[in-house]
Amino acid sequence: MQHQHREKLFSLFDDNQNGVVFVQGKETMYRYGTDYEFPFRQESNFWYLTGVNEADCSLILDLKTEEYHLFVPKRDAQYAVWHGYVKSKEQYVEEYKPDHLHYQNDVLKVLKELKPDVIYCLDDEQAEFIEDLDRNFTVETESLIDALTYCRVLKTDWELDQMREACRVNNLAYLEVMKAIKPGMYEYELKAIFNKVQIENGLLQDAYNGIFASGVNASILHYVENKSLIKDGDLFLMDAGFECNGYAADYTRTFPANGKYTDIQKGIYNSVLTGMTAVLDTIKPGVKMEDLHMLASRTMMEGLKDLDIVRGDIDDLMNENIFALFFPHGLGHFLGLDTHDVGGYPKGVDRIDRPGIQFLRARRDLQPGMVVTIEPGIYFVPAVLYPALEDPAKNKFLNTEKVASLLNFGGVRIEDDIAVTETGFENLTNVPKEVDEIEQVMNA
Ligand code: GLY
Ligand code: MN
Ligand code: MN
């Protein structure tokens, strides 16, 4: 399938030019100065172009002939002693179908034979070794990353299928955790259940460090310690996903550890859910992520106003950035070979310098083939709210007593993976998010 990705990339370059693309794959990584090998995970651009999830490889794409050269490491018997199986050249060809297969130490030799005038590289570091080539040529490190980003943002059907599979397994894993959780368990026990379902289904690599946060921990956006005891009455925020052939799933659900939301938990949860629903009702090609972010923010503020947590005119609450006290991250991001995938900010588009929305990771019109997360949330972050409670410009919009009573609440986030289609979107996430449905699953 990666041949489609290479063709897409070729189509972006002038094929009359005497140029090549060179990309270095990832090498084996070790923990500090030891021989402990980290589990290998290919660099995403290299994986996109080759499908090769093996260390120490590189590629050349000849822009004139559109030929694909794959370079693989020459492994010896010692390697086999420690790592097992060593592939023959024929096996590499059979598996990855390059037009030409070489050993890694022949990169310069092949470049000499191809005599390119321009060599496109991802960055200066990847281009360094090419200085040894005794020939006149230009190294270009600007346009390749832009071209690859352009390609990766718009998914092919095959890529969407990988994401559907990552999501299919993620759906199962979420349900298992929802059914298993009980007060008195440790957060990591739920992580163990989640990971077991992924691994049993053949997904071996997490897409990011999973967040399994109970109670107040849920207000920490990147809480990954996952070792607190879960208490009766806690909400549990789970943000986790694995990869299928490199393609990530990234969901969040927030549910009551004891299977029943309290009234205030339900109220705040439903404020987030209403924000989510408003966004999902709006998503279609042409819609801008920043507009969706503001729509979710406003809808959630209306929910907090109904709960008498914030007070005042809704336009004032928005204009004075009160929403950012409770929703301090972006509404979502592109998803693909990386969880926070490439392409969120095309050249010339800058971040919006405004509280809350400044952390939005994607700012462009949605188009069919894009996959994004939608992940509104409301959090009670003491480090944000203590100063706000003291600040007259902010506390006039807060029910200070109620906010102060919620400083241990934690937070609620709901996150789905959305593939934009010609007519709207396909929701790749299929895990209950209505209060009744969640309680039903948890108490079945
Ligand atoms: N778990 C990271 C994110 O949702 O963006
Ligand atoms: Mn997430
Ligand atoms: Mn996300």
# chains A, B, ... in the order shown; residues from 1 in each chain; ligands from 1
>>> residues_near_ligand(ligand="ligand 3", cutoff="6 Å", atoms="only C-alpha atoms and all ligand atoms", output="PyMOL selection string")
chain A and resi 250+332+373
>>> write_last_selection(atoms="C-alpha atoms", output="PDB file, in the first residue's frame")
ATOM      1  CA  ASP A 250      -6.879   8.320  20.640  1.00  0.00           C
ATOM      2  CA  GLY A 332      -8.508  18.449  18.830  1.00  0.00           C
ATOM      3  CA  THR A 373      -9.874  14.131  17.285  1.00  0.00           C
TER       4      THR A 373
END
>>> residues_around(residues="region 252-257 of chain A", least_positions_apart="4", cutoff="10 Å", atoms="only C-alpha atoms", output="PyMOL selection string")
chain A and resi 174+178-185+210-215+218+230-241+261-262+265-266+269+373-377+411-417+429+431-433+435+438-439+442
>>> residues_around(residues="Asp316 (chain A)", least_positions_apart="5", cutoff="9 Å", atoms="only C-alpha atoms", output="PyMOL selection string")
chain A and resi 321-322+397
>>> write_last_selection(atoms="all heavy atoms", output="PDB file, in the first residue's frame")
ATOM      1  N   ASN A 321     -12.586  35.602  28.270  1.00  0.00           N
ATOM      2  CA  ASN A 321     -11.793  34.351  28.293  1.00  0.00           C
ATOM      3  C   ASN A 321     -11.993  33.523  29.566  1.00  0.00           C
ATOM      4  O   ASN A 321     -11.085  32.794  29.987  1.00  0.00           O
ATOM      5  CB  ASN A 321     -10.295  34.641  28.115  1.00  0.00           C
ATOM      6  CG  ASN A 321     -10.012  35.260  26.767  1.00  0.00           C
ATOM      7  OD1 ASN A 321     -10.655  34.900  25.777  1.00  0.00           O
ATOM      8  ND2 ASN A 321      -9.077  36.191  26.724  1.00  0.00           N
ATOM      9  N   ILE A 322     -13.183  33.630  30.144  1.00  0.00           N
ATOM     10  CA  ILE A 322     -13.458  32.813  31.340  1.00  0.00           C
ATOM     11  C   ILE A 322     -13.484  31.329  30.952  1.00  0.00           C
ATOM     12  O   ILE A 322     -13.108  30.463  31.732  1.00  0.00           O
ATOM     13  CB  ILE A 322     -14.789  33.248  32.006  1.00  0.00           C
ATOM     14  CG1 ILE A 322     -14.700  34.729  32.410  1.00  0.00           C
ATOM     15  CG2 ILE A 322     -15.134  32.376  33.201  1.00  0.00           C
ATOM     16  CD1 ILE A 322     -13.546  35.071  33.347  1.00  0.00           C
ATOM     17  N   PHE A 397     -17.171  36.669  37.557  1.00  0.00           N
ATOM     18  CA  PHE A 397     -17.896  35.728  36.695  1.00  0.00           C
ATOM     19  C   PHE A 397     -18.031  34.341  37.324  1.00  0.00           C
ATOM     20  O   PHE A 397     -18.542  33.425  36.700  1.00  0.00           O
ATOM     21  CB  PHE A 397     -17.171  35.567  35.346  1.00  0.00           C
ATOM     22  CG  PHE A 397     -17.143  36.830  34.530  1.00  0.00           C
ATOM     23  CD1 PHE A 397     -15.963  37.548  34.372  1.00  0.00           C
ATOM     24  CD2 PHE A 397     -18.297  37.297  33.924  1.00  0.00           C
ATOM     25  CE1 PHE A 397     -15.929  38.708  33.608  1.00  0.00           C
ATOM     26  CE2 PHE A 397     -18.277  38.460  33.166  1.00  0.00           C
ATOM     27  CZ  PHE A 397     -17.094  39.171  33.001  1.00  0.00           C
TER      28      PHE A 397
END
>>> residues_around(residues="Pro116 (chain A)", least_positions_apart="4", cutoff="7 Å", atoms="only C-alpha atoms", output="CSV table (one decimal) with N, CA and C atoms, in the first residue's frame")
chain,number,residue,atom,x,y,z
A,18,ASN,N,16.4,16.5,-12.2
A,18,ASN,CA,17.3,15.4,-11.9
A,18,ASN,C,17.5,15.4,-10.4
A,19,GLY,N,16.5,14.9,-9.7
A,19,GLY,CA,16.6,14.9,-8.2
A,19,GLY,C,16.2,13.6,-7.6
A,20,VAL,N,16.6,13.5,-6.3
A,20,VAL,CA,16.2,12.3,-5.6
A,20,VAL,C,15.7,12.8,-4.2
A,137,PHE,N,26.0,19.3,-6.2
A,137,PHE,CA,24.6,19.0,-6.1
A,137,PHE,C,24.1,20.0,-5.0
>>> residues_around(residues="Asp308 (chain A)", least_positions_apart="6", cutoff="10 Å", atoms="only C-alpha atoms", output="PyMOL selection string")
chain A and resi 302+398-399+402-403
>>> closest_atom_pairs(of="region 299-397 of chain A", to="region 140-155 of chain A", cutoff="6 Å", atoms="only C-alpha atoms", output="CSV")
residue,atom,partner,partner_atom,distance
A:Val342,CA,A:Thr149,CA,5.9
A:Gly343,CA,A:Thr149,CA,5.6
A:Gly369,CA,A:Leu154,CA,4.6
A:Met370,CA,A:Leu154,CA,5.0
>>> closest_residue(among="A:Leu406, A:His340, A:Phe22, A:Asn430", to="Ala173 (chain A)", atoms="only C-alpha atoms")
A:Asn430
>>> select_by_dssp(residues="region 114-172 of chain A", states="strand (DSSP E or B)", output="PyMOL selection string")
chain A and resi 118-120+138-140
>>> write_last_selection(atoms="all heavy atoms", output="JSON list (two decimals), in the first residue's frame")
[["chain", "number", "residue", "atom", "x", "y", "z"],
["A", 118, "VAL", "N", 19.84, 17.59, -7.31],
["A", 118, "VAL", "CA", 19.28, 18.03, -6.04],
["A", 118, "VAL", "C", 18.87, 16.81, -5.22],
["A", 118, "VAL", "O", 18.33, 15.84, -5.76],
["A", 118, "VAL", "CB", 18.10, 19.02, -6.26],
["A", 118, "VAL", "CG1", 17.08, 18.46, -7.22],
["A", 118, "VAL", "CG2", 17.41, 19.38, -4.95],
["A", 119, "ILE", "N", 19.18, 16.87, -3.93],
["A", 119, "ILE", "CA", 18.81, 15.78, -3.01],
["A", 119, "ILE", "C", 17.88, 16.38, -1.95],
["A", 119, "ILE", "O", 18.26, 17.29, -1.22],
["A", 119, "ILE", "CB", 20.05, 15.17, -2.33],
["A", 119, "ILE", "CG1", 21.03, 14.66, -3.39],
["A", 119, "ILE", "CG2", 19.64, 14.03, -1.40],
["A", 119, "ILE", "CD1", 22.34, 14.13, -2.83],
["A", 120, "TYR", "N", 16.64, 15.89, -1.92],
["A", 120, "TYR", "CA", 15.67, 16.38, -0.94],
["A", 120, "TYR", "C", 15.78, 15.55, 0.33],
["A", 120, "TYR", "O", 15.69, 14.31, 0.27],
["A", 120, "TYR", "CB", 14.24, 16.28, -1.50],
["A", 120, "TYR", "CG", 13.99, 17.18, -2.67],
["A", 120, "TYR", "CD1", 14.18, 16.73, -3.99],
["A", 120, "TYR", "CD2", 13.57, 18.49, -2.48],
["A", 120, "TYR", "CE1", 13.95, 17.56, -5.06],
["A", 120, "TYR", "CE2", 13.34, 19.33, -3.55],
["A", 120, "TYR", "CZ", 13.53, 18.86, -4.85],
["A", 120, "TYR", "OH", 13.30, 19.69, -5.92],
["A", 138, "THR", "N", 22.77, 20.09, -4.96],
["A", 138, "THR", "CA", 22.15, 20.92, -3.93],
["A", 138, "THR", "C", 21.43, 20.01, -2.95],
["A", 138, "THR", "O", 20.78, 19.06, -3.37],
["A", 138, "THR", "CB", 21.07, 21.83, -4.57],
["A", 138, "THR", "OG1", 21.60, 22.35, -5.78],
["A", 138, "THR", "CG2", 20.64, 22.94, -3.65],
["A", 139, "VAL", "N", 21.52, 20.33, -1.67],
["A", 139, "VAL", "CA", 20.71, 19.63, -0.69],
["A", 139, "VAL", "C", 19.56, 20.56, -0.30],
["A", 139, "VAL", "O", 19.78, 21.71, 0.05],
["A", 139, "VAL", "CB", 21.53, 19.25, 0.56],
["A", 139, "VAL", "CG1", 20.61, 18.71, 1.65],
["A", 139, "VAL", "CG2", 22.57, 18.20, 0.21],
["A", 140, "GLU", "N", 18.35, 20.05, -0.39],
["A", 140, "GLU", "CA", 17.15, 20.85, -0.13],
["A", 140, "GLU", "C", 16.42, 20.28, 1.09],
["A", 140, "GLU", "O", 16.03, 19.12, 1.08],
["A", 140, "GLU", "CB", 16.24, 20.75, -1.37],
["A", 140, "GLU", "CG", 15.67, 22.04, -1.85],
["A", 140, "GLU", "CD", 14.40, 22.40, -1.11],
["A", 140, "GLU", "OE1", 14.33, 22.18, 0.11],
["A", 140, "GLU", "OE2", 13.49, 22.92, -1.77]]
>>> select_by_dssp(residues="region 84-333 of chain A", states="alpha helix (DSSP H)", output="PyMOL selection string")
chain A and resi 89-96+107-114+124-127+143-153+157-180+187-200+263-280+289-306+314-319+323-326
>>> closest_residue(among="A:Ala166, A:Met318, A:Leu389, A:Ala192", to="Pro355 (chain A)", atoms="only C-alpha atoms")
A:Met318
>>> closest_residue(among="A:Asn195, A:Gln104, A:Thr339, A:Asn270", to="ligand 1", atoms="only C-alpha atoms and all ligand atoms")
A:Thr339
>>> residues_around(residues="Val107 (chain A)", least_positions_apart="3", cutoff="12 Å", atoms="only C-alpha atoms", output="list in words")
Phe22, Val23, Gln24, Cys57, Ser58, Leu59, Ile60, Leu61, His69, Leu70, Phe71, Val72, Pro73, His100, Leu101, His102, Tyr103, Gln104, Val110, Leu111, Lys112, Glu113, Leu114, Phe129, Ile130, Asp132 and Leu133 of chain A
>>> residues_around(residues="Arg41 (chain A)", least_positions_apart="2", cutoff="7 Å", atoms="only C-alpha atoms", output="ChimeraX atom specification")
/A:39,43,53
>>> closest_residue(among="A:Tyr48, A:Gly267, A:Ala404, A:Thr282", to="Asp306 (chain A)", atoms="only C-alpha atoms")
A:Gly267
>>> atom_distance(atom1="CA of Leu366 (chain A)", atom2="CA of Lys288 (chain A)")
6.1 Å
>>> closest_residue(among="A:Glu200, A:Asp206, A:Glu401, A:Glu187", to="ligand 2", atoms="only C-alpha atoms and all ligand atoms")
A:Asp206
